[in-house]
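Here is the structure we will look at, set down as structure tokens.
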Amino acid sequence: MSENITNEELQPDKAYEFYTDSPYFYNSLTNNAYYQFFYENGNLKKVFGQNVQSSLTTSISLSYQDNQVKVVNEIQNSINNAYIIHTIENNKLIKSEIFNIASMLSKTRWYTYEKGMISVYEKVEGGSDAFITYYFDNNNNLFKQERLERKNGANMGMYTSIYSDYDKAKNPFKKLGLVSDILFVKSLSTNNFRKIETSYISFTNQDIPTKIYNCVYKYDSNGQVLLYHPL
């Protein structure tokens, strides 16, 4: 698996929102919102987002102390911000604590690692929890994700995501994986998936039909993914 965070990974300086947030959001080449990434000593320190059309900006800061990384989602003109505290051991993420804007713990995730697999237990304050499993092939590329959701100890349903159509390019998302859930998933593999098939089986209600998402990348002359380019 490629869950380790090392200084040898790529350090993109700009990326369109439809590459970092897709395939679930803004997956359109007509959307010109983008992020800028700033690093210090090989560590991501700041993410600055700009929407040219609406003039909206977003800002995320990352601070490092001992084996913890604090990720703050900075809201303009606000003294209260939601944040995450990640705990790292041996270059692996082992715990994430998610706090709301009132600095109250809302969710905690614990990560364990086995050959070809990452297991995550997620506890949501209020009685919900989930078991998430990521499965990897021999190329260290993610091919399946399962998420079993529970409420007050009862199984509610299972989400399954199948990842496929991998390119041969080096993964440019490796150093961005602590910023968001989508970037975490994108950072896990050696290469870059370009297709996702998601399904949901409900144990209490109605199933959700399979949905297919496609990630459309552009590449440079060396076959590397371009996250920012003329539209």
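Chain labels run A, B, ... following the order of the structure tokens; each chain numbers its residues from 1, and ligands are numbered from 1 in the order shown.
Summary of the local environment: counting only C-alpha atoms, residues at most 10 Å from Phe184 in chain A, other than itself and those fewer than 6 positions away along its chain, are A:Glu3, A:Phe173, A:Lys174, A:Lys175, A:Leu176, A:Gly177, A:Leu178.
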> Mind checking DSSP for range 83-194 of chain A and telling me the strand (DSSP E or B) residues as a PyMOL selection string?
Replying inline: chain A and resi 83-89+92-99+105-114+117-124+128-136+142-151+154-164
>> I need the residue nearest Thr204 in chain A from this list: A:Asn155, A:Ser187, A:Asn67, A:Asn192. Use only C-alpha atoms for the distance.
In response: A:Asn155
>> I need the residue nearest Val225 in chain A from this list: A:Gly126, A:Lys92, A:Leu10, A:Asn80. Use only C-alpha atoms for the distance.
In response: A:Leu10
>> Give me the residues near range 132-145 of chain A as a count of residues only, where near means some atom within 12 Å (using only C-alpha atoms) and where sequence neighbours in that chain fewer than 5 positions away do not count.
In response: 51
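Across the model, the gap from CA of Lys70 in chain A to CA of Asp129 in chain A is 22.9 Å.
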> Nearest to Ser202 in chain A among A:Val47, A:Leu105, A:Leu148, A:Ile182, with distances taken over only C-alpha atoms: which residue is it?
Replying inline: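 Checking each of A:Val47, A:Leu105, A:Leu148, A:Ile182 against Ser202 in chain A, counting only C-alpha atoms, the winner is A:Leu148.
Taking CA of Gly157 in chain A and CA of Thr108 in chain A as the two end points, the separation is 19.8 Å.
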>> With only C-alpha atoms as the counted atoms, please give the residues lying no more than 7 Å from Lys46 in chain A, apart from itself and same-chain residues fewer than 4 positions off, as a ChimeraX atom specification.
In response: /A:37-39,60-62
>> So that I can check the surroundings of Glu17 in chain A, please list as an MDAnalysis selection string every protein, DNA and RNA residue that reaches within 6 Å of it, counting only C-alpha atoms and ignoring chain neighbours fewer than 4 positions away.
In response: chainID A and resid 21 33:34
